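**Q** run-v7.txt is reproduced below (compact mmCIF, C-alpha atoms).
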```
# COMPACT_ATOMS: atom_id res chain seq x y z
CA MET A 100 -26.17 0.84 17.29
CA SER A 101 -27.88 -1.79 15.12
CA SER A 102 -30.52 0.74 13.95
CA GLU A 103 -27.81 2.43 11.86
CA LEU A 104 -26.75 -0.81 10.19
CA ASP A 105 -27.33 -1.49 6.48
CA LEU A 106 -27.85 -5.20 6.97
CA GLU A 107 -28.58 -5.95 3.32
CA ALA A 108 -25.32 -4.34 2.19
CA TYR A 109 -23.39 -6.25 4.85
CA LEU A 110 -24.91 -9.57 3.81
CA ARG A 111 -24.00 -8.90 0.18
CA ARG A 112 -20.44 -8.11 1.28
CA ILE A 113 -20.05 -11.52 2.91
CA GLY A 114 -21.89 -13.43 0.18
CA LEU A 115 -25.14 -14.32 1.96
CA GLU A 116 -28.40 -13.89 0.05
CA VAL A 117 -30.67 -13.87 3.10
CA ALA A 118 -30.24 -13.16 6.80
CA PRO A 119 -29.49 -16.34 8.77
CA ALA A 120 -31.83 -17.67 11.45
CA VAL A 121 -31.17 -16.78 15.09
CA ASP A 122 -29.90 -20.25 16.01
CA LEU A 123 -26.60 -22.14 16.05
CA ALA A 124 -26.69 -23.00 12.35
CA GLY A 125 -27.34 -19.36 11.51
CA LEU A 126 -24.55 -18.16 13.79
CA LYS A 127 -22.08 -20.60 12.23
CA ALA A 128 -23.04 -19.55 8.70
CA LEU A 129 -22.72 -15.86 9.54
CA HIS A 130 -19.38 -16.30 11.32
CA LEU A 131 -17.87 -18.37 8.51
CA ALA A 132 -19.05 -15.97 5.81
CA HIS A 133 -17.62 -12.91 7.56
CA ALA A 134 -14.31 -14.52 8.54
CA THR A 135 -13.63 -15.77 5.00
CA SER A 136 -14.83 -12.68 3.13
CA ILE A 137 -13.45 -9.63 4.96
CA PRO A 138 -9.66 -9.66 5.42
CA PHE A 139 -7.80 -8.83 8.60
CA GLU A 140 -5.44 -5.97 7.73
CA ASN A 141 -3.78 -2.85 9.16
CA LEU A 142 -3.14 -0.90 5.97
CA ASP A 143 -4.71 2.35 7.20
CA ILE A 144 -2.38 2.36 10.22
CA GLN A 145 0.54 1.70 7.90
CA MET A 146 -0.54 4.56 5.64
CA GLY A 147 -0.87 6.98 8.57
CA LEU A 148 -4.68 7.06 8.62
CA PRO A 149 -6.85 6.92 11.77
CA ILE A 150 -8.91 3.88 12.79
CA ARG A 151 -12.51 4.85 13.51
CA LEU A 152 -14.89 2.54 15.37
CA ASP A 153 -18.23 4.28 14.80
CA LEU A 154 -20.63 2.16 12.77
CA ALA A 155 -20.86 4.57 9.83
CA SER A 156 -17.07 4.52 9.38
CA LEU A 157 -16.93 0.73 9.69
CA GLN A 158 -19.64 0.22 7.10
CA SER A 159 -17.97 2.67 4.73
CA LYS A 160 -14.60 0.94 5.02
CA LEU A 161 -15.35 -2.77 5.44
CA VAL A 162 -18.61 -2.96 3.48
CA ALA A 163 -18.85 -0.19 0.88
CA ARG A 164 -15.13 0.12 0.05
CA ARG A 165 -14.56 -3.64 0.51
CA ARG A 166 -11.54 -3.15 2.72
CA GLY A 167 -10.65 -5.11 5.83
CA GLY A 168 -9.59 -4.12 9.32
CA TYR A 169 -8.34 -5.47 12.61
CA CYS A 170 -10.13 -6.88 15.66
CA PHE A 171 -11.87 -3.74 16.91
CA GLU A 172 -13.25 -3.01 13.45
CA HIS A 173 -14.31 -6.55 12.60
CA ASN A 174 -15.92 -7.42 15.91
CA THR A 175 -17.60 -4.04 16.45
CA LEU A 176 -19.28 -4.44 13.06
CA PHE A 177 -20.09 -8.11 13.76
CA LEU A 178 -21.63 -7.19 17.13
CA ALA A 179 -23.93 -4.68 15.41
CA VAL A 180 -24.98 -7.38 12.94
CA LEU A 181 -25.65 -9.91 15.72
CA GLU A 182 -27.75 -7.39 17.62
CA ALA A 183 -29.71 -6.46 14.50
CA LEU A 184 -30.53 -10.11 13.85
CA GLY A 185 -31.61 -10.71 17.44
CA PHE A 186 -28.67 -12.63 18.93
CA GLU A 187 -27.68 -12.06 22.58
CA ALA A 188 -24.04 -10.96 22.50
CA ILE A 189 -21.50 -9.13 24.63
CA PRO A 190 -18.04 -7.74 23.78
CA CYS A 191 -14.98 -8.75 25.84
CA GLU A 192 -11.30 -7.79 26.00
CA ALA A 193 -8.36 -10.19 25.74
CA ARG A 194 -4.60 -10.25 26.17
CA VAL A 195 -2.97 -11.84 23.13
CA ARG A 196 -0.55 -14.64 24.01
CA LEU A 197 0.30 -15.92 20.54
CA GLY A 198 3.93 -15.05 19.89
CA ALA A 199 4.23 -13.11 23.16
CA THR A 200 7.23 -13.35 25.47
CA GLU A 201 5.71 -11.10 28.16
CA VAL A 202 2.29 -10.07 29.45
CA LEU A 203 0.65 -7.82 26.88
CA PRO A 204 -2.08 -5.18 27.41
CA ARG A 205 -5.71 -6.02 26.68
CA THR A 206 -5.68 -5.06 23.02
CA HIS A 207 -7.94 -7.70 21.48
CA MET A 208 -11.73 -7.66 21.14
CA LEU A 209 -13.91 -10.78 21.00
CA LEU A 210 -17.59 -11.57 21.45
CA ILE A 211 -19.59 -14.03 23.52
CA VAL A 212 -22.96 -15.13 22.21
CA ARG A 213 -25.46 -17.01 24.36
CA LEU A 214 -27.60 -19.63 22.67
CA GLY A 215 -29.97 -21.75 24.73
CA GLY A 216 -28.23 -20.50 27.86
CA ALA A 217 -24.79 -21.70 26.70
CA PRO A 218 -21.91 -19.31 25.87
CA TRP A 219 -20.14 -19.42 22.52
CA LEU A 220 -16.92 -17.58 21.69
CA CYS A 221 -17.25 -15.65 18.43
CA ASP A 222 -14.29 -13.82 16.92
CA VAL A 223 -14.06 -12.74 13.29
CA GLY A 224 -11.10 -10.44 13.99
CA PHE A 225 -8.10 -12.59 14.91
CA GLY A 226 -6.75 -12.90 11.40
CA GLY A 227 -5.15 -15.94 9.82
CA GLU A 228 -4.89 -17.90 13.06
CA GLY A 229 -8.49 -17.20 14.05
CA LEU A 230 -11.78 -19.04 14.21
CA LEU A 231 -13.96 -19.91 11.24
CA HIS A 232 -16.88 -21.08 13.39
CA PRO A 233 -17.89 -20.08 16.92
CA VAL A 234 -16.48 -22.29 19.70
CA PRO A 235 -18.45 -23.38 22.78
CA ILE A 236 -16.83 -22.28 26.03
CA ASP A 237 -16.74 -25.78 27.46
CA GLY A 238 -13.07 -26.82 27.63
CA GLU A 239 -13.51 -29.45 24.92
CA ALA A 240 -11.65 -29.72 21.61
CA HIS A 241 -13.63 -28.69 18.54
CA PRO A 242 -12.32 -29.39 15.02
CA GLN A 243 -12.83 -26.72 12.37
CA PHE A 244 -11.84 -27.91 8.91
CA LEU A 245 -8.01 -28.32 9.10
CA ASN A 246 -7.69 -26.84 12.61
CA ALA A 247 -8.97 -27.50 16.13
CA TYR A 248 -9.71 -25.11 18.99
CA ARG A 249 -10.77 -25.19 22.62
CA VAL A 250 -11.55 -22.64 25.32
CA GLY A 251 -10.05 -23.68 28.65
CA GLU A 252 -10.21 -22.27 32.16
CA GLU A 253 -7.37 -20.52 34.00
CA GLY A 254 -8.84 -19.20 37.24
CA VAL A 255 -11.25 -16.40 36.31
CA LEU A 256 -9.81 -16.34 32.79
CA ARG A 257 -10.81 -18.26 29.71
CA VAL A 258 -8.07 -19.13 27.22
CA LEU A 259 -8.58 -19.77 23.51
CA GLN A 260 -6.13 -22.37 22.24
CA SER A 261 -5.39 -23.98 18.88
CA PHE A 262 -3.87 -27.42 18.27
CA HIS A 263 -0.69 -27.58 16.20
CA HIS A 264 2.13 -30.11 15.87
CA GLY A 265 0.70 -32.30 18.63
CA ALA A 266 0.26 -29.59 21.28
CA TRP A 267 -2.19 -26.91 22.40
CA GLU A 268 -1.02 -23.32 21.90
CA ASP A 269 -2.51 -20.29 23.67
CA LEU A 270 -3.94 -17.65 21.36
CA TYR A 271 -5.36 -15.23 23.94
CA ALA A 272 -6.83 -15.02 27.46
CA PHE A 273 -9.94 -13.10 28.51
CA GLU A 274 -12.47 -12.59 31.26
CA PRO A 275 -15.99 -13.48 30.08
CA GLU A 276 -17.39 -10.13 31.24
CA PRO A 277 -18.87 -7.33 29.12
CA ARG A 278 -16.82 -4.26 28.31
CA PHE A 279 -17.90 -0.84 27.05
CA PRO A 280 -17.21 1.01 23.77
CA VAL A 281 -14.88 3.43 25.59
CA ASP A 282 -12.68 0.47 26.61
CA PHE A 283 -12.18 -0.44 22.97
CA GLU A 284 -11.65 3.18 21.97
CA MET A 285 -8.76 3.38 24.42
CA ALA A 286 -7.28 0.05 23.32
CA ASN A 287 -7.73 1.02 19.68
CA HIS A 288 -5.87 4.28 20.25
CA TYR A 289 -2.93 2.45 21.83
CA THR A 290 -2.87 -0.26 19.20
CA SER A 291 -3.05 2.10 16.25
CA THR A 292 -0.73 4.89 17.47
CA HIS A 293 1.72 3.67 20.15
CA PRO A 294 5.28 3.38 18.79
CA GLY A 295 5.63 -0.04 20.43
CA SER A 296 2.51 -1.49 18.79
CA ARG A 297 3.13 -4.41 16.46
CA PHE A 298 0.64 -2.82 14.05
CA LEU A 299 2.97 0.12 13.51
CA LYS A 300 5.99 -2.14 13.15
CA THR A 301 4.50 -4.68 10.76
CA LEU A 302 2.34 -4.46 7.64
CA THR A 303 -0.12 -7.34 7.57
CA ALA A 304 -3.01 -8.79 5.60
CA GLN A 305 -4.54 -12.11 6.63
CA LEU A 306 -7.49 -14.22 5.49
CA PRO A 307 -8.50 -17.61 6.89
CA GLY A 308 -10.37 -20.19 4.83
CA PRO A 309 -11.53 -23.80 5.17
CA GLU A 310 -8.69 -25.15 3.01
CA VAL A 311 -5.99 -22.49 3.22
CA ARG A 312 -5.09 -19.59 5.50
CA ARG A 313 -3.20 -16.74 3.85
CA ILE A 314 -0.91 -14.48 5.88
CA LEU A 315 1.24 -11.56 4.71
CA ARG A 316 3.61 -9.86 7.18
CA ASN A 317 5.71 -7.17 5.52
CA ARG A 318 7.17 -9.08 2.57
CA ALA A 319 6.80 -12.59 4.05
CA TYR A 320 3.83 -14.40 2.50
CA ALA A 321 2.60 -17.81 3.67
CA GLU A 322 -0.18 -20.20 2.80
CA ILE A 323 -1.05 -22.51 5.69
CA ARG A 324 -2.95 -25.79 5.42
CA GLY A 325 -3.24 -27.31 8.88
CA ASP A 326 0.36 -27.85 10.00
CA GLN A 327 1.75 -27.45 6.48
CA VAL A 328 3.21 -24.04 5.66
CA VAL A 329 4.38 -22.89 2.24
CA GLY A 330 5.86 -19.42 2.12
CA ARG A 331 8.22 -17.09 0.33
CA GLU A 332 9.72 -13.62 0.55
CA LEU A 333 8.15 -11.16 -1.86
CA ALA A 334 9.99 -8.57 -3.88
CA PRO A 335 8.90 -5.03 -2.92
CA GLU A 336 6.99 -4.58 -6.17
CA GLU A 337 4.98 -7.77 -5.53
CA VAL A 338 3.37 -6.64 -2.27
CA ILE A 339 0.53 -4.47 -3.55
CA PRO A 340 -0.42 -6.80 -6.45
CA LEU A 341 -0.54 -9.73 -4.01
CA MET A 342 -2.79 -7.79 -1.63
CA ARG A 343 -5.16 -7.27 -4.53
CA GLU A 344 -5.06 -10.80 -5.91
CA SER A 345 -4.93 -12.89 -2.72
CA PHE A 346 -6.88 -10.65 -0.31
CA GLY A 347 -9.14 -8.64 -2.60
CA LEU A 348 -7.82 -5.33 -1.27
CA GLU A 349 -7.80 -2.31 -3.58
CA ILE A 350 -4.72 -0.32 -2.58
CA PRO A 351 -3.35 2.60 -4.60
CA GLU A 352 -0.25 1.69 -6.57
CA GLU A 353 1.61 4.64 -5.03
CA ALA A 354 0.76 3.64 -1.42
CA THR A 355 3.64 3.66 1.09
CA PHE A 356 3.76 1.87 4.43
CA LEU A 357 5.47 2.72 7.73
CA ALA A 358 7.03 -0.71 8.08
CA MET A 359 8.32 -0.76 4.48
CA PRO A 360 9.88 2.67 3.75
```
As structure tokens, please, write out the structure in this file.
**A**
Amino acid sequence: MSSELDLEAYLRRIGLEVAPAVDLAGLKALHLAHATSIPFENLDIQMGLPIRLDLASLQSKLVARRRGGYCFEHNTLFLAVLEALGFEAIPCEARVRLGATEVLPRTHMLLIVRLGGAPWLCDVGFGGEGLLHPVPIDGEAHPQFLNAYRVGEEGVLRVLQSFHHGAWEDLYAFEPEPRFPVDFEMANHYTSTHPGSRFLKTLTAQLPGPEVRRILRNRAYAEIRGDQVVGRELAPEEVIPLMRESFGLEIPEEATFLAMP
């Protein structure tokens, strides 16, 4: 897969002048640059367009056209970059728990990178609530700018949690075992086409940053700084301009979205 990657174009997209070293500092720099440069968004789903996970399509969309995507797109591209640089990485599947009231299907993709024999959770595709740096899978709390995360154990599962308002909150649960591209193709098909998928019901654009995390869901826009949330309801005509100004997304003025007829 990595042989098809235009690494120089990718690095320009995320604002890095040179490829990072294959060590922890390099992994952190790469993860932070990707997570803060390429938005999490589902606009193609909302506009009735297919989500393609082959590397050529991902590079065209996320790199050349400077769009964003959701977990399968982000982390498939990031995996190709890690492999091209020489990192040891595997893709895994997770069940999202954030905001869930029942057990959900495995519709999230994450990566595990091994450095010096130790596993690190990498995930540039969980949107506004997601990681900025990799997190060691060691059960300990790890601050990241205004947030803190940990990866705990639950039997054979590992659970990514974030700390808010004095308590740990589950984000998602996963088995630390490798999965295959066909697994993500199936999950991607469900997530992007099933009538019950939240990505068909809700338009979203999200971008985390060290000082502020920006989240748009339909017409609800919020800026989050740690536990402080400032938000407002947008007028319909404000949505596309905000996606351009706050998320850097070039969307046609005449675009229409399933969740906002």
**Q** State, in Å with one decimal place, the distance from atom CA of Gly308 of chain A to atom CA of Val117 of chain A.
**A**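 Those two atoms sit 21.3 Å apart.
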**Q** Produce a table with one row for each residue of segment 141-182 of chain A that has an atom at most 12 Å from any atom of segment 107-116 of chain A, each row naming the nearest atom pair and its distance in Å at one decimal; use all atoms listed in the file; arrange rows by chain and rising residue number; format as CSV.
**A**
```
residue,atom,partner,partner_atom,distance
A:Leu154,CA,A:Tyr109,CA,11.9
A:Leu157,CA,A:Tyr109,CA,10.7
A:Gln158,CA,A:Tyr109,CA,7.8
A:Ser159,CA,A:Tyr109,CA,10.4
A:Lys160,CA,A:Tyr109,CA,11.4
A:Leu161,CA,A:Arg112,CA,8.5
A:Val162,CA,A:Arg112,CA,5.9
A:Ala163,CA,A:Ala108,CA,7.8
A:Arg164,CA,A:Arg112,CA,9.9
A:Arg165,CA,A:Arg112,CA,7.4
A:Arg166,CA,A:Arg112,CA,10.3
A:Gly167,CA,A:Arg112,CA,11.2
A:His173,CA,A:Tyr109,CA,11.9
A:Leu176,CA,A:Tyr109,CA,9.4
A:Phe177,CA,A:Tyr109,CA,9.7
A:Ala179,CA,A:Tyr109,CA,10.7
A:Val180,CA,A:Tyr109,CA,8.3
A:Leu181,CA,A:Tyr109,CA,11.7
```
**Q** Rounded to one decimal place, report the atom CA of Arg313 of chain A-atom CA of Asp222 of chain A distance in Å.
**A**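 Between atom CA of Arg313 of chain A and atom CA of Asp222 of chain A the gap is 17.4 Å.
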**Q** Within 12 Å of (-13.5, -13.1, 30.6) (coordinates as in the file), grab all the protein and nucleic acid residues, counting all atoms listed in the file, and write them out as number ranges by chain.
**A** A: 189-194, 205, 207-211, 218, 220, 236, 250-259, 271-278
**Q** One decimal, Å: what's the distance from atom CA of Glu103 of chain A over to atom CA of Tyr169 of chain A, could you say?
**A**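 We find that atom CA of Glu103 of chain A and atom CA of Tyr169 of chain A lie 21.0 Å from each other.
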**Q** Could you give me, as a PyMOL selection string, the residues within 9 Å of Thr206 of chain A, counting only C-alpha atoms and dropping anything in the same chain fewer than 2 positions from it?
**A** chain A and resi 170-171+192-195+203-204+208+283+286-287+289-290
**Q** Enclose all atoms of segment 219-225 of chain A listed in the file in an axis-aligned box, grow every side by 4 Å, and hand back centre and edge lengths in Å to one decimal, as JSON.
**A**
```
{"center_x": -14.1, "center_y": -14.9, "center_z": 17.9, "size_x": 20.0, "size_y": 17.0, "size_z": 17.2}
```
**Q** Using all atoms listed in the file, can you tell me which of A:Arg249, A:Arg318, A:His288, A:His264 comes closest to Ala334 of chain A?
**A**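 Nearest to Ala334 of chain A: A:Arg318.
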**Q** Nearest residue to Pro233 of chain A out of A:Ala134, A:Met342, A:Ala266, A:Leu348, using only C-alpha atoms?
**A**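 The answer is A:Ala134, which sits nearest to Pro233 of chain A.
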**Q** Looking at A:Thr135, A:Tyr248, A:Glu352, A:Glu140, which one is nearest to Val311 of chain A, with distances taken over all atoms listed in the file?
**A** A:Thr135
